[in-house]
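upload19.tsv (TSV, C-alpha atoms)
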chain	number	residue	atom	x	y	z
A	3	MET	CA	-8.80	80.86	188.72
A	4	ALA	CA	-5.97	82.43	186.69
A	5	ASP	CA	-8.62	84.13	184.53
A	6	ASN	CA	-9.38	86.30	187.54
A	7	ILE	CA	-5.99	88.00	187.44
A	8	LYS	CA	-4.32	89.54	184.42
A	9	MET	CA	-0.82	90.84	184.97
A	10	ARG	CA	2.39	92.01	183.36
A	11	ALA	CA	5.82	92.64	184.89
A	12	GLN	CA	8.27	94.61	182.75
A	13	LEU	CA	11.83	95.48	183.71
A	14	LYS	CA	12.44	99.16	182.94
A	15	GLY	CA	15.91	100.24	184.01
A	16	ASP	CA	16.24	99.41	187.72
A	17	VAL	CA	12.55	99.08	188.33
A	18	THR	CA	10.09	96.37	187.38
A	19	GLU	CA	6.70	97.82	186.60
A	20	LEU	CA	3.99	95.41	187.71
A	21	LYS	CA	0.47	95.99	186.41
A	22	VAL	CA	-2.38	93.87	187.74
A	23	LEU	CA	-6.05	93.71	186.81
A	24	MET	CA	-8.31	91.48	188.91
A	25	THR	CA	-11.87	90.45	188.09
A	26	HIS	CA	-14.00	91.01	191.17
A	27	PRO	CA	-17.40	92.68	191.89
A	28	MET	CA	-16.12	94.62	194.96
A	29	GLU	CA	-19.66	94.93	196.36
A	30	THR	CA	-19.85	97.37	199.27
A	31	GLY	CA	-22.90	95.80	200.92
A	32	ARG	CA	-24.83	99.07	200.46
A	33	ARG	CA	-25.82	98.83	196.79
A	34	LYS	CA	-29.39	97.82	195.92
A	35	ASN	CA	-30.24	95.72	192.87
A	36	ASP	CA	-33.18	96.26	190.46
A	37	LEU	CA	-35.51	94.48	192.92
A	38	ASP	CA	-34.51	96.97	195.63
A	39	GLU	CA	-32.68	94.26	197.57
A	40	VAL	CA	-29.37	95.05	199.23
A	41	VAL	CA	-26.54	93.20	197.50
A	42	PRO	CA	-24.36	91.58	200.20
A	43	ALA	CA	-20.81	92.81	200.64
A	44	HIS	CA	-18.34	90.88	198.50
A	45	PHE	CA	-14.88	92.38	198.29
A	46	ILE	CA	-11.19	91.56	198.25
A	47	GLN	CA	-9.64	92.08	201.69
A	48	LEU	CA	-6.08	91.00	201.14
A	49	VAL	CA	-3.65	91.08	198.22
A	50	THR	CA	-0.17	89.62	198.47
A	51	ILE	CA	2.55	90.20	195.88
A	52	SER	CA	5.68	88.12	195.96
A	53	LEU	CA	8.90	88.06	193.98
A	54	ASN	CA	10.54	84.63	193.69
A	55	GLY	CA	8.48	83.49	196.68
A	56	ASN	CA	9.34	86.43	198.95
A	57	VAL	CA	6.50	88.75	199.91
A	58	VAL	CA	7.29	92.28	198.67
A	59	THR	CA	3.92	93.97	199.12
A	60	GLU	CA	0.87	93.12	201.16
A	61	ALA	CA	-2.29	95.18	200.81
A	62	GLN	CA	-5.41	95.22	202.95
A	63	TRP	CA	-8.46	96.60	201.18
A	64	GLY	CA	-11.88	97.81	202.22
A	65	THR	CA	-14.95	98.25	200.04
A	66	GLY	CA	-13.64	101.52	198.54
A	67	ILE	CA	-11.49	99.89	195.86
A	68	SER	CA	-13.27	100.02	192.50
A	69	LYS	CA	-14.88	97.00	190.84
A	70	ASN	CA	-12.34	94.91	188.90
A	71	PRO	CA	-9.40	96.27	190.89
A	72	TYR	CA	-6.37	97.70	189.14
A	73	LEU	CA	-2.85	98.09	190.52
A	74	THR	CA	0.53	99.34	189.43
A	75	LEU	CA	3.48	98.64	191.71
A	76	HIS	CA	7.22	99.12	191.28
A	77	LEU	CA	9.55	96.31	192.29
A	78	ARG	CA	13.29	96.69	192.70
A	79	GLY	CA	16.02	94.09	192.25
A	80	ALA	CA	14.11	91.80	189.90
A	81	LYS	CA	15.72	90.29	186.79
A	82	VAL	CA	14.18	89.08	183.54
A	83	GLY	CA	12.79	85.61	184.21
A	84	ASP	CA	12.16	86.20	187.92
A	85	MET	CA	8.70	85.10	189.03
A	86	VAL	CA	6.08	87.54	190.32
A	87	ALA	CA	2.97	86.11	191.99
A	88	VAL	CA	-0.25	87.84	193.01
A	89	VAL	CA	-2.76	86.26	195.40
A	90	TRP	CA	-6.04	87.76	196.57
A	91	HIS	CA	-8.46	86.66	199.29
A	92	ASP	CA	-11.97	88.05	199.68
A	93	ASN	CA	-14.48	88.28	202.54
A	94	ARG	CA	-16.27	85.11	201.39
A	95	GLY	CA	-13.17	82.95	201.53
A	96	GLN	CA	-12.66	82.94	197.78
A	97	SER	CA	-9.20	83.49	196.38
A	98	ALA	CA	-7.17	83.55	193.20
A	99	ARG	CA	-3.48	83.31	192.39
A	100	HIS	CA	-1.51	84.07	189.26
A	101	GLU	CA	2.19	84.02	188.55
A	102	ILE	CA	4.21	85.38	185.63
A	103	ALA	CA	7.85	85.91	184.70
A	104	VAL	CA	9.45	89.36	184.51
A	105	THR	CA	10.01	90.37	180.88
A	106	ALA	CA	12.31	92.97	179.31
A	107	GLY	CA	10.58	96.34	179.02
B	28	MET	CA	1.86	98.91	217.76
B	29	LYS	CA	3.95	95.98	218.84
B	30	GLY	CA	1.10	93.52	218.69
B	31	THR	CA	0.18	94.58	215.17
B	32	ALA	CA	3.76	94.39	213.96
B	33	MET	CA	4.08	90.89	215.34
B	34	LYS	CA	0.81	89.80	213.84
B	35	ARG	CA	1.94	91.18	210.51
B	36	ARG	CA	5.25	89.34	210.61
B	37	GLY	CA	3.46	86.17	211.53
B	38	PHE	CA	1.15	86.71	208.63
B	39	ILE	CA	3.93	87.22	206.10
B	40	LEU	CA	5.59	84.02	207.27
B	41	MET	CA	2.30	82.20	207.07
B	42	THR	CA	1.57	83.54	203.60
B	43	GLY	CA	5.04	82.57	202.46
B	44	ALA	CA	4.49	79.05	203.72
B	45	ALA	CA	1.07	78.90	202.07
B	46	LEU	CA	2.54	80.04	198.76
B	47	LEU	CA	5.30	77.46	198.90
B	48	SER	CA	2.97	74.62	199.67
B	49	GLY	CA	0.42	75.89	197.16
B	50	LEU	CA	-2.22	76.11	199.84
B	51	LEU	CA	-4.52	79.06	200.24
B	52	LEU	CA	-5.00	81.04	203.39
B	53	PRO	CA	-7.91	79.80	205.52
B	54	LEU	CA	-10.65	82.35	206.09
B	55	ARG	CA	-10.11	82.23	209.86
B	56	ALA	CA	-6.49	83.34	209.45
B	57	LEU	CA	-7.55	86.10	207.07
B	58	ALA	CA	-10.09	87.38	209.58
B	59	ALA	CA	-7.30	87.65	212.14
B	60	VAL	CA	-5.15	89.74	209.80
B	61	TRP	CA	-7.62	92.16	208.18
B	62	ASN	CA	-7.90	95.39	210.17
B	63	LYS	CA	-11.67	95.24	210.72
B	64	ALA	CA	-11.79	98.18	213.14
B	65	ALA	CA	-10.03	100.51	210.71
B	66	PHE	CA	-11.85	99.39	207.56
B	67	GLU	CA	-15.32	99.42	209.11
B	68	ALA	CA	-14.85	102.81	210.79
B	69	THR	CA	-17.35	105.34	209.44
B	70	THR	CA	-15.32	108.43	210.32
B	71	LEU	CA	-11.82	109.47	209.28
B	72	ALA	CA	-10.83	109.74	212.96
B	73	GLY	CA	-12.07	106.20	213.55
B	74	ALA	CA	-10.12	104.91	210.56
B	75	THR	CA	-6.85	106.56	211.61
B	76	GLN	CA	-7.38	105.33	215.18
B	77	GLY	CA	-7.84	101.83	213.79
B	78	LEU	CA	-4.52	102.22	211.98
B	79	GLN	CA	-2.99	103.40	215.27
B	80	VAL	CA	-1.99	106.74	213.76
B	81	ASP	CA	-1.79	109.29	216.57
B	82	LYS	CA	-0.60	112.26	214.53
B	83	GLU	CA	0.20	112.80	210.84
B	84	THR	CA	2.70	115.42	209.72
B	85	PRO	CA	2.15	117.01	206.29
B	86	SER	CA	5.02	116.18	203.95
B	87	ALA	CA	6.12	117.56	200.57
B	88	ASP	CA	7.92	114.26	199.98
B	89	ILE	CA	4.63	112.50	199.29
B	90	THR	CA	2.86	113.03	195.97
B	91	VAL	CA	-0.80	112.15	195.48
B	92	ASN	CA	-1.92	112.33	191.86
B	93	ALA	CA	-5.63	112.17	191.10
B	94	PRO	CA	-7.90	114.02	188.67
B	95	ASP	CA	-9.18	117.51	189.60
B	96	ARG	CA	-12.67	116.38	188.62
B	97	ALA	CA	-14.15	112.89	188.41
B	98	GLU	CA	-17.30	112.46	186.30
B	99	ASN	CA	-18.04	109.15	187.99
B	100	GLY	CA	-17.00	108.48	191.57
B	101	ALA	CA	-17.09	104.71	190.99
B	102	VAL	CA	-13.66	104.77	189.36
B	103	VAL	CA	-11.11	107.40	190.35
B	104	GLN	CA	-7.50	106.59	189.55
B	105	VAL	CA	-5.05	107.57	192.27
B	106	GLU	CA	-1.25	107.44	192.26
B	107	VAL	CA	0.74	107.75	195.49
B	108	ILE	CA	4.52	108.17	195.59
B	109	SER	CA	6.50	108.45	198.82
B	110	ARG	CA	10.06	109.73	198.64
B	111	ILE	CA	10.51	109.42	202.42
B	112	PRO	CA	13.31	106.94	203.18
B	113	GLY	CA	12.13	104.01	205.24
B	114	THR	CA	8.50	104.17	204.07
B	115	GLU	CA	6.80	100.99	205.29
B	116	ALA	CA	3.18	101.54	204.34
B	117	ILE	CA	0.86	103.81	202.38
B	118	ALA	CA	-2.79	104.03	203.44
B	119	ILE	CA	-5.36	105.77	201.23
B	120	VAL	CA	-8.29	107.49	202.94
B	121	VAL	CA	-11.25	109.55	201.68
B	122	GLU	CA	-12.96	111.51	204.42
B	123	HIS	CA	-16.48	111.68	202.98
B	124	ASN	CA	-16.81	108.02	202.01
B	125	PRO	CA	-19.17	105.81	204.08
B	126	THR	CA	-16.05	103.97	205.25
B	127	PRO	CA	-13.09	106.35	204.78
B	128	LEU	CA	-10.25	103.79	204.79
B	129	ILE	CA	-9.83	102.53	201.22
B	130	ALA	CA	-6.61	100.54	201.36
B	131	ASN	CA	-3.38	100.01	203.25
B	132	PHE	CA	-0.35	98.92	201.23
B	133	MET	CA	2.58	97.50	203.22
B	134	PHE	CA	5.93	97.35	201.48
B	135	ALA	CA	8.77	94.97	202.22
B	136	LYS	CA	12.29	94.90	200.75
B	137	GLY	CA	11.99	94.64	196.96
B	138	ALA	CA	9.07	97.03	196.53
B	139	GLU	CA	9.18	100.79	196.05
B	140	PRO	CA	6.75	102.91	198.13
B	141	TYR	CA	4.63	103.52	195.06
B	142	VAL	CA	1.11	102.53	194.09
B	143	VAL	CA	-1.49	103.26	191.45
B	144	THR	CA	-5.03	102.03	192.05
B	145	ARG	CA	-8.64	102.95	191.33
B	146	ILE	CA	-10.99	103.93	194.15
B	147	LYS	CA	-14.65	104.78	194.78
B	148	MET	CA	-15.62	108.25	195.97
B	149	ALA	CA	-19.03	109.18	197.35
B	150	GLU	CA	-18.66	112.93	196.95
B	151	THR	CA	-16.16	115.74	196.52
B	152	ALA	CA	-13.36	115.19	199.03
B	153	GLU	CA	-9.65	115.11	199.58
B	154	VAL	CA	-7.91	111.85	198.71
B	155	LYS	CA	-5.34	111.50	201.44
B	156	ALA	CA	-2.29	109.29	201.69
B	157	ILE	CA	-0.97	108.41	205.14
B	158	VAL	CA	2.61	107.17	205.01
B	159	LYS	CA	4.08	105.08	207.83
B	160	VAL	CA	7.79	105.49	208.57
B	161	GLY	CA	8.71	103.53	211.69
B	162	SER	CA	6.40	104.87	214.39
B	163	ARG	CA	5.85	108.20	212.58
B	164	TYR	CA	3.16	109.11	210.07
B	165	PHE	CA	3.23	111.64	207.24
B	166	THR	CA	0.47	112.82	204.98
B	167	ALA	CA	-0.37	114.54	201.70
B	168	GLY	CA	-3.61	114.86	199.78
B	169	LYS	CA	-5.34	115.91	196.60
B	170	GLN	CA	-8.81	117.43	196.38
B	171	VAL	CA	-11.07	115.68	193.84
B	172	GLU	CA	-14.39	117.12	192.72
B	173	VAL	CA	-16.85	114.26	192.25
B	174	LEU	CA	-19.85	114.80	189.98
B	175	GLU	CA	-21.56	111.44	190.50
B	176	ASN	CA	-21.56	109.33	193.68
B	177	GLY	CA	-19.63	106.11	193.15
B	178	CYS	CA	-20.33	104.37	196.42
B	179	GLY	CA	-23.77	102.91	195.51
Starting from the file, give its structure as structure tokens.
Amino acid sequence: MADNIKMRAQLKGDVTELKVLMTHPMETGRRKNDLDEVVPAHFIQLVTISLNGNVVTEAQWGTGISKNPYLTLHLRGAKVGDMVAVVWHDNRGQSARHEIAVTAG
Amino acid sequence: MKGTAMKRRGFILMTGAALLSGLLLPLRALAAVWNKAAFEATTLAGATQGLQVDKETPSADITVNAPDRAENGAVVQVEVISRIPGTEAIAIVVEHNPTPLIANFMFAKGAEPYVVTRIKMAETAEVKAIVKVGSRYFTAGKQVEVLENGCG
């Protein structure tokens, strides 16, 4: 499932810049396909970001986040080698998790 | 307020435990956490009610950066920065979307009240950030002209 999340965490001065790209259709449940059928809602509802196992940011999302969601966040107090993890859960019970080490910016 | 805060704390503990044990959150637990009332509200008032925001005060200490014009409403990049000490959460709302509440980011120790993300916009509207500081709420916005509906 790691293919579903691409991420990078770079220490820049005091702040670690975390960039995350997730692969997800983010279907609103209102879009119609070529056969004029409504495509069921399928979207990420919860994203959790942790630093060395401690939750630092928790996001709840609706259907208004764009397909293949993108995020930049700024973490404070991280050192090179610290571990940043991102987990998402969607409305169908699917999830993905990816973890990387903080690198020097 | 209190109930939500407690639920949230419980959730963070639960998530922490799930991460440590390598388990994933069961769907039932997720359903209990996700703010269904706020996210499924079809009016801005309904969304803010769902977030339990009674009144938002405009603040110059919040910056919302977004393009003046978006060719395609399916992908509009938005940056929100709060310089208000004690910022706990940043919600992003778009009044004219079918469901105005886009996202609610909750920050714990170790994260700056800062976020960049990409959102869908149905039509020209103000992208608004609602910042939670204790039991008070502050707001700032940026008008974005949308040329093509991105909420399909």
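When only C-alpha atoms are used to measure the gap to Val105 (chain B), the shortest distance among B:Gln170, B:Thr90, B:Thr144, B:Asn124 belongs to B:Thr144.
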**Q.** Residues of chain A within 6 Å of chain B, counting all atoms listed in the file, as a list of chain:residue names
**A.** A:Arg33, A:Val58, A:Thr59, A:Glu60, A:Ala61, A:Gln62, A:Trp63, A:Gly64, A:Gly66, A:Ile67, A:Ser68, A:Tyr72, A:Leu73, A:Thr74, A:Leu75, A:His76, A:Leu77, A:Arg78, A:Gly95
Exercise. Go ahead and compute the interatomic distance for CA of Ser97 (chain A) and CA of Thr30 (chain A), in Å to one decimal.
Key: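 Going from CA of Ser97 (chain A) over to CA of Thr30 (chain A), I get 17.7 Å.
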TODO: Identify which of the residues B:Ser109, B:Thr69, B:Thr166, B:Thr114 lies closest to Thr84 (chain B), counting only C-alpha atoms when measuring atom-to-atom distances.
DONE: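 Distance minimum relative to Thr84 (chain B) lands on B:Thr166.
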Pairwise distance, CA of Val82 (chain A) with CA of Ser52 (chain A), equals 15.1 Å
Tell me, as a list in words, which residues lie within 12 Å of Val80 (chain B), counting all atoms listed in the file; anything in the same chain fewer than 2 positions away does not count.
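Residues near the query, excluding close chain neighbours: Met28, Ala65, Leu71, Ala72, Gly73, Ala74, Thr75, Gln76, Gly77, Leu78, Lys82, Glu83, Thr84, Ala116, Ala118, Ile157, Val158, Lys159, Val160, Gly161, Ser162, Arg163, Tyr164, Phe165 and Thr166 of chain B.
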- Task: Show which residues sit within 9 Å of Ala87 (chain A), as a ChimeraX atom specification. Count all atoms listed in the file, and ignore same-chain residues fewer than 4 positions away.
- Result: /A:50-55,99-103
Pick out the residues sitting within 8 Å of Gly83 (chain A), and hand them over as number ranges by chain; count only C-alpha atoms, and ignore anything fewer than 2 positions along from it in its own chain.
-> A: 81, 85, 103-105
Any idea what the distance is between CA of Ala167 (chain B) and CA of Lys155 (chain B)?
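Those two atoms sit 5.8 Å apart.
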- Item | Residue with smallest distance to Asn56 (chain A) - pool A:Asp38, A:Asp92, A:Asp84, A:Glu29, counting all atoms listed in the file |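 Closest candidate: A:Asp84.
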